[in-house]
Structure formats: C-alpha cells, structure tokens
$ cat final-v5.tsv   # TSV, C-alpha atoms and all ligand atoms
chain	number	residue	atom	x	y	z
A	1	MET	CA	-1.46	43.35	-33.51
A	2	ILE	CA	-0.93	43.88	-37.21
A	3	GLY	CA	0.72	47.26	-37.64
A	4	ARG	CA	4.34	48.25	-37.85
A	5	ILE	CA	6.80	48.25	-35.00
A	6	LEU	CA	8.93	51.39	-34.69
A	7	VAL	CA	12.37	50.58	-33.25
A	8	LEU	CA	14.28	53.61	-31.94
A	9	GLY	CA	18.05	53.21	-31.74
A	10	ALA	CA	17.67	50.55	-34.43
A	11	THR	CA	21.32	50.41	-35.46
A	12	GLY	CA	22.78	50.16	-31.95
A	13	THR	CA	23.90	47.35	-29.66
A	14	ILE	CA	20.32	46.39	-28.71
A	15	GLY	CA	18.50	47.78	-31.74
A	16	ALA	CA	20.38	45.81	-34.40
A	17	PRO	CA	19.69	42.32	-32.99
A	18	LEU	CA	16.14	43.45	-32.07
A	19	VAL	CA	15.37	44.50	-35.65
A	20	ALA	CA	16.80	41.19	-36.90
A	21	ALA	CA	14.71	39.18	-34.40
A	22	LEU	CA	11.50	41.04	-35.28
A	23	VAL	CA	12.07	40.68	-39.02
A	24	ALA	CA	12.80	36.97	-38.54
A	25	GLY	CA	9.50	36.72	-36.64
A	26	GLY	CA	7.60	38.15	-39.60
A	27	GLN	CA	6.94	41.60	-38.13
A	28	GLN	CA	6.86	44.81	-40.17
A	29	VAL	CA	9.65	46.94	-38.74
A	30	ARG	CA	10.49	50.61	-39.13
A	31	ALA	CA	14.13	51.05	-38.13
A	32	ALA	CA	14.81	54.54	-36.74
A	33	SER	CA	18.17	56.23	-36.40
A	34	ARG	CA	19.61	59.62	-37.26
A	35	GLN	CA	21.34	58.15	-40.30
A	36	ALA	CA	18.25	56.18	-41.39
A	37	ALA	CA	20.62	53.32	-42.12
A	38	SER	CA	19.11	50.49	-44.14
A	39	MET	CA	18.72	47.17	-42.34
A	40	PRO	CA	17.73	43.87	-43.96
A	41	GLY	CA	13.95	43.40	-44.06
A	42	ALA	CA	13.17	46.71	-42.32
A	43	GLU	CA	12.04	50.13	-43.52
A	44	PRO	CA	14.58	52.80	-42.50
A	45	VAL	CA	13.40	56.13	-41.13
A	46	HIS	CA	15.26	59.26	-40.11
A	47	PHE	CA	14.60	60.04	-36.46
A	48	ASP	CA	16.51	62.41	-34.19
A	49	TYR	CA	15.56	63.06	-30.57
A	50	ALA	CA	17.09	66.51	-31.03
A	51	ASP	CA	14.63	67.34	-33.84
A	52	PRO	CA	10.99	66.99	-32.69
A	53	SER	CA	9.75	67.35	-36.29
A	54	THR	CA	11.06	63.82	-36.96
A	55	ILE	CA	8.79	62.20	-34.34
A	56	ALA	CA	5.39	62.26	-36.05
A	57	PRO	CA	6.57	60.89	-39.44
A	58	ALA	CA	8.36	58.03	-37.69
A	59	PHE	CA	5.09	57.05	-35.94
A	60	GLU	CA	2.94	56.94	-39.11
A	61	GLY	CA	1.18	53.55	-39.35
A	62	VAL	CA	2.85	52.23	-36.21
A	63	ASP	CA	1.05	50.37	-33.39
A	64	ARG	CA	4.04	49.48	-31.20
A	65	VAL	CA	7.30	51.28	-30.39
A	66	PHE	CA	10.55	50.22	-28.78
A	67	VAL	CA	11.93	53.26	-26.96
A	68	LEU	CA	15.67	53.38	-26.36
A	69	VAL	CA	17.45	56.40	-24.92
A	70	PRO	CA	20.82	56.96	-26.61
A	71	ALA	CA	23.81	57.11	-24.30
A	72	GLY	CA	25.51	60.46	-23.82
A	73	THR	CA	22.62	62.57	-22.57
A	74	LEU	CA	21.79	63.53	-19.00
A	75	ASP	CA	18.35	65.09	-19.64
A	76	ILE	CA	16.70	61.76	-20.30
A	77	VAL	CA	13.20	62.86	-19.34
A	78	GLY	CA	13.27	66.00	-21.49
A	79	LEU	CA	14.59	63.98	-24.41
A	80	VAL	CA	12.09	61.14	-24.29
A	81	ARG	CA	8.91	62.83	-23.03
A	82	PRO	CA	7.80	64.06	-26.52
A	83	VAL	CA	8.15	60.51	-27.86
A	84	LEU	CA	6.02	59.05	-25.06
A	85	GLN	CA	3.46	61.82	-25.60
A	86	GLU	CA	3.26	60.94	-29.30
A	87	ALA	CA	2.80	57.27	-28.42
A	88	ALA	CA	0.02	58.19	-25.96
A	89	ARG	CA	-1.68	60.44	-28.51
A	90	ARG	CA	-1.70	57.64	-31.10
A	91	LYS	CA	-2.46	54.85	-28.57
A	92	VAL	CA	0.77	53.07	-29.52
A	93	LYS	CA	2.07	50.37	-27.16
A	94	VAL	CA	5.48	51.21	-25.66
A	95	VAL	CA	8.29	48.82	-24.77
A	96	LEU	CA	10.76	50.96	-22.82
A	97	LEU	CA	14.42	50.07	-22.35
A	98	SER	CA	15.08	51.31	-18.82
A	99	VAL	CA	17.97	50.28	-16.53
A	100	LEU	CA	18.28	47.80	-13.67
A	101	GLY	CA	17.65	49.56	-10.35
A	102	ALA	CA	15.62	52.41	-11.85
A	103	ASP	CA	12.80	51.55	-9.46
A	104	ALA	CA	14.99	52.20	-6.40
A	105	ASP	CA	13.95	55.86	-6.26
A	106	ASP	CA	11.17	57.79	-8.01
A	107	ASN	CA	13.62	60.66	-8.66
A	108	ILE	CA	15.77	58.54	-10.98
A	109	PRO	CA	15.12	59.85	-14.52
A	110	TYR	CA	14.47	56.38	-15.97
A	111	ARG	CA	11.96	55.79	-13.16
A	112	GLN	CA	10.20	59.00	-14.13
A	113	LEU	CA	9.78	57.64	-17.66
A	114	GLU	CA	8.52	54.35	-16.21
A	115	LEU	CA	6.03	56.19	-14.00
A	116	SER	CA	4.66	58.18	-16.92
A	117	LEU	CA	3.90	54.87	-18.64
A	118	GLU	CA	2.43	53.31	-15.50
A	119	ARG	CA	0.15	56.33	-15.03
A	120	GLY	CA	-0.79	56.53	-18.71
A	121	ALA	CA	-3.43	54.78	-20.76
A	122	VAL	CA	-1.43	52.87	-23.39
A	123	PRO	CA	-0.15	49.30	-22.99
A	124	PHE	CA	3.50	49.15	-21.99
A	125	VAL	CA	6.31	46.81	-20.99
A	126	ILE	CA	9.35	48.00	-19.02
A	127	LEU	CA	12.68	46.24	-19.50
A	128	ARG	CA	15.43	46.92	-16.96
A	129	PRO	CA	18.66	45.30	-18.12
A	130	ASN	CA	21.76	44.92	-15.99
A	131	TRP	CA	25.22	45.90	-17.30
A	132	PHE	CA	25.67	44.70	-20.88
A	133	ALA	CA	28.32	42.04	-21.54
A	134	ASP	CA	28.74	43.92	-24.82
A	135	ASN	CA	30.37	46.85	-22.98
A	136	PHE	CA	33.55	44.77	-23.15
A	137	HIS	CA	33.62	45.32	-26.94
A	138	THR	CA	32.10	48.82	-26.93
A	139	PHE	CA	32.99	51.08	-23.98
A	140	TRP	CA	35.92	48.96	-22.71
A	141	ARG	CA	37.08	47.69	-26.10
A	142	ALA	CA	40.33	49.67	-26.27
A	143	GLY	CA	41.24	48.56	-22.75
A	144	VAL	CA	40.48	44.91	-23.41
A	145	SER	CA	42.56	45.10	-26.59
A	146	ARG	CA	45.47	46.48	-24.49
A	147	GLY	CA	44.88	43.79	-21.85
A	148	VAL	CA	43.48	46.02	-19.09
A	149	ILE	CA	39.97	46.69	-17.81
A	150	ALA	CA	40.14	49.72	-15.49
A	151	VAL	CA	36.80	50.62	-13.89
A	152	PRO	CA	35.73	51.77	-10.38
A	153	ALA	CA	33.86	48.55	-9.54
A	154	ALA	CA	36.09	47.36	-6.65
A	155	ASP	CA	35.17	43.69	-6.09
A	156	GLY	CA	31.52	44.21	-6.90
A	157	LYS	CA	29.78	41.60	-9.01
A	158	SER	CA	27.35	42.06	-11.89
A	159	SER	CA	25.21	39.54	-13.73
A	160	PHE	CA	26.32	40.80	-17.17
A	161	ILE	CA	23.71	40.28	-19.87
A	162	ASP	CA	24.30	39.60	-23.56
A	163	ALA	CA	22.63	42.22	-25.81
A	164	ARG	CA	21.12	39.39	-27.85
A	165	ASP	CA	19.17	38.27	-24.79
A	166	ILE	CA	17.91	41.81	-24.21
A	167	ALA	CA	16.89	42.01	-27.87
A	168	ALA	CA	15.09	38.64	-27.68
A	169	SER	CA	13.29	39.82	-24.53
A	170	ALA	CA	12.24	43.05	-26.24
A	171	ALA	CA	11.06	41.13	-29.32
A	172	ALA	CA	8.88	38.92	-27.11
A	173	ALA	CA	7.46	41.95	-25.29
A	174	LEU	CA	6.64	43.63	-28.61
A	175	ALA	CA	5.18	40.57	-30.32
A	176	SER	CA	2.75	39.54	-27.56
A	177	ASP	CA	0.36	41.32	-25.21
A	178	ARG	CA	0.94	38.69	-22.47
A	179	PHE	CA	3.56	40.84	-20.76
A	180	ASP	CA	1.75	44.19	-20.94
A	181	GLY	CA	1.72	46.32	-17.80
A	182	LYS	CA	4.75	44.56	-16.31
A	183	ALA	CA	8.41	45.35	-15.64
A	184	PHE	CA	11.22	42.84	-16.11
A	185	ASN	CA	14.68	42.93	-14.53
A	186	LEU	CA	16.89	41.38	-17.20
A	187	THR	CA	20.13	39.74	-16.06
A	188	GLY	CA	22.65	37.24	-17.26
A	189	PRO	CA	22.83	33.81	-15.60
A	190	GLN	CA	25.70	34.47	-13.18
A	191	ALA	CA	27.10	37.30	-11.07
A	192	LEU	CA	30.78	37.94	-11.84
A	193	SER	CA	33.36	40.39	-10.56
A	194	TYR	CA	35.35	42.30	-13.16
A	195	ALA	CA	38.34	40.11	-12.25
A	196	GLU	CA	36.27	37.01	-13.01
A	197	ALA	CA	35.01	38.56	-16.24
A	198	ALA	CA	38.59	39.43	-17.21
A	199	ALA	CA	39.59	35.78	-16.63
A	200	ILE	CA	36.79	34.59	-18.93
A	201	LEU	CA	37.86	37.07	-21.62
A	202	SER	CA	41.49	35.97	-21.15
A	203	ARG	CA	40.57	32.33	-21.81
A	204	ALA	CA	38.51	33.27	-24.89
A	205	LEU	CA	41.24	35.50	-26.36
A	206	GLY	CA	44.13	33.24	-25.39
A	207	ARG	CA	46.02	36.09	-23.72
A	208	GLU	CA	45.92	37.80	-20.38
A	209	ILE	CA	43.37	40.53	-19.64
A	210	VAL	CA	43.73	41.99	-16.15
A	211	TYR	CA	41.25	43.96	-14.10
A	212	THR	CA	42.51	47.08	-12.35
A	213	ALA	CA	40.16	48.63	-9.81
A	214	VAL	CA	40.49	52.41	-10.12
A	215	ASP	CA	38.99	55.24	-8.10
A	216	ASP	CA	36.37	57.59	-9.51
A	217	ARG	CA	38.84	60.41	-10.16
A	218	THR	CA	41.20	58.24	-12.20
A	219	PHE	CA	38.25	56.82	-14.13
A	220	ILE	CA	36.74	60.24	-14.90
A	221	ASP	CA	40.11	61.71	-15.92
A	222	GLY	CA	40.66	58.80	-18.31
A	223	LEU	CA	37.24	59.21	-19.93
A	224	VAL	CA	37.67	62.97	-20.31
A	225	ALA	CA	41.11	62.41	-21.85
A	226	ALA	CA	39.40	60.04	-24.31
A	227	GLY	CA	36.99	62.82	-25.31
A	228	LEU	CA	33.89	62.39	-23.09
A	229	ALA	CA	32.18	65.44	-21.62
A	230	PRO	CA	33.17	65.85	-17.94
A	231	ASP	CA	29.59	65.71	-16.64
A	232	TYR	CA	28.86	62.54	-18.61
A	233	ALA	CA	32.13	60.98	-17.41
A	234	ALA	CA	31.09	61.79	-13.83
A	235	PHE	CA	27.70	60.22	-14.48
A	236	LEU	CA	29.37	57.02	-15.75
A	237	ALA	CA	31.52	56.91	-12.62
A	238	SER	CA	28.43	57.34	-10.45
A	239	ILE	CA	26.72	54.26	-11.89
A	240	PHE	CA	29.52	52.06	-10.52
A	241	HIS	CA	28.37	52.87	-7.00
A	242	PRO	CA	25.57	50.24	-7.23
A	243	VAL	CA	28.16	47.73	-8.47
A	244	ARG	CA	30.43	48.31	-5.48
A	245	GLU	CA	27.40	47.98	-3.18
A	246	GLY	CA	26.52	44.58	-4.66
A	247	TRP	CA	23.19	45.78	-6.06
A	248	THR	CA	23.94	44.54	-9.60
A	249	ALA	CA	24.76	40.98	-8.48
A	250	GLY	CA	21.23	39.60	-8.53
A	251	VAL	CA	20.16	36.96	-11.04
A	252	THR	CA	16.54	36.84	-12.22
A	253	GLY	CA	14.51	34.45	-14.37
A	254	ASP	CA	13.03	37.31	-16.39
A	255	VAL	CA	14.83	36.61	-19.69
A	256	GLN	CA	13.51	33.07	-19.56
A	257	ALA	CA	10.01	34.30	-18.60
A	258	LEU	CA	9.93	36.48	-21.72
A	259	THR	CA	11.80	34.32	-24.23
A	260	GLY	CA	11.46	30.77	-22.92
A	261	ARG	CA	15.27	30.46	-23.00
A	262	LEU	CA	18.03	30.89	-20.45
A	263	PRO	CA	20.30	33.91	-20.95
A	264	ARG	CA	23.76	33.32	-22.40
A	265	PRO	CA	26.73	33.03	-20.01
A	266	LEU	CA	29.66	35.43	-20.45
A	267	GLU	CA	31.75	32.57	-21.85
A	268	VAL	CA	29.37	32.35	-24.85
A	269	TYR	CA	29.41	36.13	-25.32
A	270	ALA	CA	33.23	36.12	-25.28
A	271	ALA	CA	33.55	33.19	-27.71
A	272	ASP	CA	31.07	34.76	-30.14
A	273	HIS	CA	32.86	38.14	-30.20
A	274	VAL	CA	36.46	37.02	-30.05
A	275	GLY	CA	37.30	38.65	-33.40
A	276	LEU	CA	36.33	42.11	-32.20
A	277	TRP	CA	39.34	42.76	-29.96
A	278	GLY	CA	42.58	43.58	-31.69
A	301	LIG	N1	25.63	49.63	-21.58
A	301	LIG	C1	25.04	49.13	-20.49
A	301	LIG	O1	25.64	48.37	-19.70
A	301	LIG	C2	23.59	49.45	-20.21
A	301	LIG	C3	22.94	48.82	-19.14
A	301	LIG	C4	21.60	49.09	-18.91
A	301	LIG	C5	20.91	49.98	-19.76
A	301	LIG	N2	21.59	50.58	-20.78
A	301	LIG	C6	20.84	51.53	-21.65
A	301	LIG	O2	20.98	51.13	-23.00
A	301	LIG	C7	20.80	52.30	-23.82
A	301	LIG	C8	21.85	52.29	-24.90
A	301	LIG	O3	21.56	51.21	-25.77
A	301	LIG	P1	22.59	50.74	-26.89
A	301	LIG	O4	23.87	50.34	-26.21
A	301	LIG	O5	21.90	49.76	-27.76
A	301	LIG	O6	22.84	52.11	-27.68
A	301	LIG	P2	23.92	52.37	-28.82
A	301	LIG	O7	24.57	51.10	-29.25
A	301	LIG	O8	24.75	53.52	-28.38
A	301	LIG	O9	22.98	52.81	-30.03
A	301	LIG	C9	22.37	54.05	-30.06
A	301	LIG	C10	21.33	54.04	-31.18
A	301	LIG	O10	20.57	55.24	-31.10
A	301	LIG	C11	20.76	56.01	-32.29
A	301	LIG	N3	20.89	57.39	-31.84
A	301	LIG	C12	21.96	57.99	-31.25
A	301	LIG	N4	21.67	59.27	-30.98
A	301	LIG	C13	20.41	59.48	-31.40
A	301	LIG	C14	19.55	60.61	-31.41
A	301	LIG	N5	19.94	61.81	-30.94
A	301	LIG	N6	18.30	60.48	-31.94
A	301	LIG	C15	17.90	59.31	-32.43
A	301	LIG	N7	18.65	58.19	-32.45
A	301	LIG	C16	19.90	58.29	-31.95
A	301	LIG	C17	22.02	55.45	-32.96
A	301	LIG	O11	21.99	55.59	-34.37
A	301	LIG	P3	22.44	57.00	-35.07
A	301	LIG	O12	23.78	57.36	-34.50
A	301	LIG	O13	22.43	56.74	-36.55
A	301	LIG	O14	21.36	57.96	-34.70
A	301	LIG	C18	21.91	53.98	-32.57
A	301	LIG	O15	20.99	53.32	-33.44
A	301	LIG	C19	20.88	53.50	-22.90
A	301	LIG	O16	19.58	53.98	-22.66
A	301	LIG	C20	21.46	52.92	-21.63
A	301	LIG	O17	21.04	53.62	-20.47
A	301	LIG	C21	22.89	50.33	-21.04
$ encode --input "final-v5.tsv" --output "structure tokens" --more "lines below"
Ligand SMILES: NC(=O)c1ccc[n+]([C@@H]2O[C@H](COP(=O)([O-])OP(=O)(O)OC[C@H]3O[C@@H](n4cnc5c(N)ncnc54)[C@H](OP(=O)(O)O)[C@@H]3O)[C@@H](O)[C@H]2O)c1
Amino acid sequence: MIGRILVLGATGTIGAPLVAALVAGGQQVRAASRQAASMPGAEPVHFDYADPSTIAPAFEGVDRVFVLVPAGTLDIVGLVRPVLQEAARRKVKVVLLSVLGADADDNIPYRQLELSLERGAVPFVILRPNWFADNFHTFWRAGVSRGVIAVPAADGKSSFIDARDIAASAAAALASDRFDGKAFNLTGPQALSYAEAAAILSRALGREIVYTAVDDRTFIDGLVAAGLAPDYAAFLASIFHPVREGWTAGVTGDVQALTGRLPRPLEVYAADHVGLWG
C-alpha cells in the first residue's frame, strides 16, 4: 500500500495520536476535520459529515481511510453511509471505529455500519473499543476537577482503554493487510469499577476523587443543564446499561494482537494526564 491514508476526526481524542503514529511510521496522511487544522507531518483537509460535497475531495489519491463517527449524533448510519459508499466506489480500504458490544444486535447502528463493510467488496478492519480512559479528562473532566465522578454505572466494571492504545491499534490495522476482514474488541488490561478508577485518579492527583452512583434521571438532568440535547443525554445514559450488567468488564488480547504491546493500565493514563485536571 503506497497511497495516502485519510483520517476522519483527525484532531480528536483518537485521531490526534493516530495521525502522529502514522506520520511517525512514514505514512502519507491526510488529516480531516471541519476546521482543517494543521497537524505536524500531515496534509490538512476540510471535511464535514454535514456537507456531502466535502467527501470526494477528501478521498482524492487515498487508498485507506480511518472512519470515526463524531459524538453528538444519533443518526449514525445516515451520517456515515455516504462515506462508506465513496470508499466502496474508489475501492479504498476502511478501518472503522465502532464500539464494544456493537455486535450484540444487528439493529445497533454501529453494527449496521459493520455489516455494510462485511457485505461489501473492499478490505476492512473493525475496531470496537471499550470505554475510553480519556473520558476522565474529556466528558468527566469538570467533575474530576471538582472531586466527583457522578455516572449511572452502579458497581459495574469496565476495562477502560487509553486512547493511545486505540490509536496504535488503528495505525497497525491501516499499515498492514494482515488484519483485513477481522473485528477486534479493544480493551484495557483490567476491569475496574468507577470507585476503583476514582481511587487511581485520587492517588495520581494527590487529592480525593469520589465516585457517586447516580440514577439515569439525575444523570440526564445534569447533562441537559450543562448544555447537551435531551435526546443525546438520554442516549448517553442508555449506554451505561451494559456497564451495570457487567458487559464492559471483559479483557481481551486484541490490542496486543494488533500492536504487539500490552495496553496501558489506568495508572499510566492518570500519571500521563495529571496536568489536565484543575
Ligand atoms: N468515549 C468513549 O468512551 C467511546 C467508547 C467507544 C467508542 N467511542 C466512539 O469514539 C468516537 C469519538 O471519538 P473521539 O473521542 O476521538 O472524538 P472527538 O475527540 O470528539 O473528536 C471528534 C473529531 O471529529 C471532528 N468532527 C466533529 N464533528 C465533525 C463533523 N460533523 N464532520 C467531520 N468531522 C467532525 C472533530 O474536528 P472538528 O471539530 O474540527 O470537525 C474531531 O477531529 C465516537 O464514534 C464514539 O462512539 C467512544
């Protein structure tokens, strides 16, 4: 493979370390975002899912694409289908960032995207990451800074994964054809409850972070008060159901299978990001 790699969501939590890893590996990278922000070693391109006229120019000269769905939308299939159609038309390999558990039911929107790749003719790799460790400095940052993580997870455990390990997995899937046609469930090395995660963050920050289990209503009301759309807040609450059921507690060897390295424990994530919480 000698062409360019188009990275959608290039400036985000996964995209930024992915672009850096691909550039470091000598790949030609086109970094797509609405702002077309410049990134070291990559060619920026303006791309907006909401504007289909930006799809074809982004794909010019590309032979592989990393497809990431931005958070905040509920019509995932409608948003991403034109991108997958463009990839199919140009015979561009797709590495899709899906979500852990998407294969539980064919009606799950991410599963519908996966199925369209599985039924199509272009090479693909599906990556299904578990909850990101990085949520502690993105979605839950204000809470962690105040010393409280309040989510409807009850005592459920999750094998939180560091975004850098997802990015390294995606870089491996893009750089090689060894993994084509397969799906990988990406997890961190250990299942932790939110109370256990809060204890790890407390030790890293040198002050107490407590976990408060809240119900869905309290969680949704808090998100809406912070400015989220009510239907998206309800969607976020709904994805804690698998956590409470214990379905996000599994640990796989898939990061190591793709990258040759073990995923980072939450302690390493916390130590490396300690400056991000006020
Ligand atoms: N957080 C988790 O625990 C978790 C777990 C499993 C899977 N996931 C999946 O991870 C994905 C989110 O990844 P992330 O955290 O890396 O995202 P992110 O940090 O929110 O980054 C979003 C990226 O997409 C770009 N973007 C936003 N809106 C866009 C649009 N309309 N058109 C084109 N580009 C757009 C952004 O740049 P601009 O703003 O400049 O466009 C940015 O580069 C979601 O699909 C989510 O389901 C998340």
$ closest_atom_pairs --input "final-v5.tsv" --of "region 71-131 of chain A" --to "region 167-172 of chain A" --cutoff "9 Å" --atoms "only C-alpha atoms" --output "Markdown table"
| residue | atom | partner | partner_atom | distance |
| --- | --- | --- | --- | --- |
| A:Val95 | CA | A:Ala170 | CA | 7.1 |
| A:Leu96 | CA | A:Ala170 | CA | 8.7 |
| A:Leu97 | CA | A:Ala170 | CA | 8.3 |
| A:Val125 | CA | A:Ala170 | CA | 8.8 |
| A:Leu127 | CA | A:Ala170 | CA | 7.5 |
$ atom_distance --input "final-v5.tsv" --atom1 "CA of Glu208 (chain A)" --atom2 "CA of Arg146 (chain A)"
9.6 Å
$ closest_residue --input "final-v5.tsv" --among "A:Thr212, A:Gln27, A:Ser202, A:Ser38" --to "Asp63 (chain A)" --atoms "only C-alpha atoms"
A:Gln27
$ residues_near_ligand --input "final-v5.tsv" --ligand "ligand LIG 301 (chain A)" --cutoff "9 Å" --atoms "all atoms listed in the file" --output "PyMOL selection string"
chain A and resi 8-16+31-37+46-51+67-73+76+79+97-100+110+128-135+138-139+160-161+163
$ write_last_selection --input "final-v5.tsv" --atoms "C-alpha atoms" --output "JSON list (two decimals), in the coordinates of the input"
[["chain", "number", "residue", "atom", "x", "y", "z"],
["A", 8, "LEU", "CA", 14.28, 53.61, -31.94],
["A", 9, "GLY", "CA", 18.05, 53.21, -31.74],
["A", 10, "ALA", "CA", 17.67, 50.55, -34.43],
["A", 11, "THR", "CA", 21.32, 50.41, -35.46],
["A", 12, "GLY", "CA", 22.78, 50.16, -31.95],
["A", 13, "THR", "CA", 23.90, 47.35, -29.66],
["A", 14, "ILE", "CA", 20.32, 46.39, -28.71],
["A", 15, "GLY", "CA", 18.50, 47.78, -31.74],
["A", 16, "ALA", "CA", 20.38, 45.81, -34.40],
["A", 31, "ALA", "CA", 14.13, 51.05, -38.13],
["A", 32, "ALA", "CA", 14.81, 54.54, -36.74],
["A", 33, "SER", "CA", 18.17, 56.23, -36.40],
["A", 34, "ARG", "CA", 19.61, 59.62, -37.26],
["A", 35, "GLN", "CA", 21.34, 58.15, -40.30],
["A", 36, "ALA", "CA", 18.25, 56.18, -41.39],
["A", 37, "ALA", "CA", 20.62, 53.32, -42.12],
["A", 46, "HIS", "CA", 15.26, 59.26, -40.11],
["A", 47, "PHE", "CA", 14.60, 60.04, -36.46],
["A", 48, "ASP", "CA", 16.51, 62.41, -34.19],
["A", 49, "TYR", "CA", 15.56, 63.06, -30.57],
["A", 50, "ALA", "CA", 17.09, 66.51, -31.03],
["A", 51, "ASP", "CA", 14.63, 67.34, -33.84],
["A", 67, "VAL", "CA", 11.93, 53.26, -26.96],
["A", 68, "LEU", "CA", 15.67, 53.38, -26.36],
["A", 69, "VAL", "CA", 17.45, 56.40, -24.92],
["A", 70, "PRO", "CA", 20.82, 56.96, -26.61],
["A", 71, "ALA", "CA", 23.81, 57.11, -24.30],
["A", 72, "GLY", "CA", 25.51, 60.46, -23.82],
["A", 73, "THR", "CA", 22.62, 62.57, -22.57],
["A", 76, "ILE", "CA", 16.70, 61.76, -20.30],
["A", 79, "LEU", "CA", 14.59, 63.98, -24.41],
["A", 97, "LEU", "CA", 14.42, 50.07, -22.35],
["A", 98, "SER", "CA", 15.08, 51.31, -18.82],
["A", 99, "VAL", "CA", 17.97, 50.28, -16.53],
["A", 100, "LEU", "CA", 18.28, 47.80, -13.67],
["A", 110, "TYR", "CA", 14.47, 56.38, -15.97],
["A", 128, "ARG", "CA", 15.43, 46.92, -16.96],
["A", 129, "PRO", "CA", 18.66, 45.30, -18.12],
["A", 130, "ASN", "CA", 21.76, 44.92, -15.99],
["A", 131, "TRP", "CA", 25.22, 45.90, -17.30],
["A", 132, "PHE", "CA", 25.67, 44.70, -20.88],
["A", 133, "ALA", "CA", 28.32, 42.04, -21.54],
["A", 134, "ASP", "CA", 28.74, 43.92, -24.82],
["A", 135, "ASN", "CA", 30.37, 46.85, -22.98],
["A", 138, "THR", "CA", 32.10, 48.82, -26.93],
["A", 139, "PHE", "CA", 32.99, 51.08, -23.98],
["A", 160, "PHE", "CA", 26.32, 40.80, -17.17],
["A", 161, "ILE", "CA", 23.71, 40.28, -19.87],
["A", 163, "ALA", "CA", 22.63, 42.22, -25.81]]
$ closest_residue --input "final-v5.tsv" --among "A:Ile2, A:Gln28, A:Glu86, A:Pro242" --to "Ala104 (chain A)" --atoms "all atoms listed in the file"
A:Pro242
$ residues_around --input "final-v5.tsv" --residues "region 216-230 of chain A" --least-positions-apart "5" --cutoff "9 Å" --atoms "all atoms listed in the file" --output "short mmCIF file (atom, residue, chain, number, x, y, z; two decimals) with C-alpha atoms, in the coordinates of the input"
data_model
loop_
_atom_site.label_atom_id
_atom_site.label_comp_id
_atom_site.auth_asym_id
_atom_site.auth_seq_id
_atom_site.Cartn_x
_atom_site.Cartn_y
_atom_site.Cartn_z
CA GLY A 72 25.51 60.46 -23.82
CA ALA A 150 40.14 49.72 -15.49
CA VAL A 151 36.80 50.62 -13.89
CA PRO A 152 35.73 51.77 -10.38
CA PHE A 235 27.70 60.22 -14.48
CA LEU A 236 29.37 57.02 -15.75
CA ALA A 237 31.52 56.91 -12.62
CA SER A 238 28.43 57.34 -10.45
CA PHE A 240 29.52 52.06 -10.52
#
$ residues_around --input "final-v5.tsv" --residues "region 261-271 of chain A" --least-positions-apart "2" --cutoff "7 Å" --atoms "all atoms listed in the file" --output "list in words"
Ala133, Asp162, Asp165, Gly188, Pro189, Ile200, Leu201, Ala204, Val255, Gln256, Thr259, His273 and Val274 of chain A
$ axis_aligned_box --input "final-v5.tsv" --around "region 254-273 of chain A" --padding-each-side "4 Å" --output "lines of an AutoDock Vina configuration file"
center_x = 21.7
center_y = 34.3
center_z = -23.3
size_x = 31.6
size_y = 15.7
size_z = 21.8
$ closest_residue --input "final-v5.tsv" --among "A:Asp155, A:Glu118, A:Glu43, A:Asp177" --to "Arg64 (chain A)" --atoms "all atoms listed in the file"
A:Asp177
$ residues_around --input "final-v5.tsv" --residues "His241 (chain A)" --least-positions-apart "6" --cutoff "10 Å" --atoms "only C-alpha atoms" --output "PDB file with C-alpha atoms, keeping the file's coordinate frame"
ATOM      1  CA  PRO A 152      35.730  51.770 -10.380  1.00  0.00           C
ATOM      2  CA  ALA A 153      33.860  48.550  -9.540  1.00  0.00           C
ATOM      3  CA  ALA A 154      36.090  47.360  -6.650  1.00  0.00           C
ATOM      4  CA  GLY A 156      31.520  44.210  -6.900  1.00  0.00           C
ATOM      5  CA  ASP A 216      36.370  57.590  -9.510  1.00  0.00           C
ATOM      6  CA  TRP A 247      23.190  45.780  -6.060  1.00  0.00           C
ATOM      7  CA  THR A 248      23.940  44.540  -9.600  1.00  0.00           C
TER       8      THR A 248
END
$ closest_residue --input "final-v5.tsv" --among "A:Leu276, A:Phe59, A:Pro109, A:Ala102" --to "Ala88 (chain A)" --atoms "only C-alpha atoms"
A:Phe59
$ atom_distance --input "final-v5.tsv" --atom1 "CA of Pro52 (chain A)" --atom2 "CA of Val83 (chain A)"
8.6 Å
$ residues_around --input "final-v5.tsv" --residues "Ala87 (chain A)" --least-positions-apart "4" --cutoff "10 Å" --atoms "only C-alpha atoms" --output "VMD selection string"
chain A and resid 55 to 56 59 62 to 65 81 to 83 91 to 94 122
$ atom_distance --input "final-v5.tsv" --atom1 "CA of Pro40 (chain A)" --atom2 "CA of Glu60 (chain A)"
20.3 Å
$ closest_residue --input "final-v5.tsv" --among "A:Gly147, A:Gly101, A:Gly275, A:Gly206" --to "Ala183 (chain A)" --atoms "all atoms listed in the file"
A:Gly101
$ closest_residue --input "final-v5.tsv" --among "A:Ala213, A:Ala175, A:Leu6, A:Val251" --to "Ala191 (chain A)" --atoms "all atoms listed in the file"
A:Val251
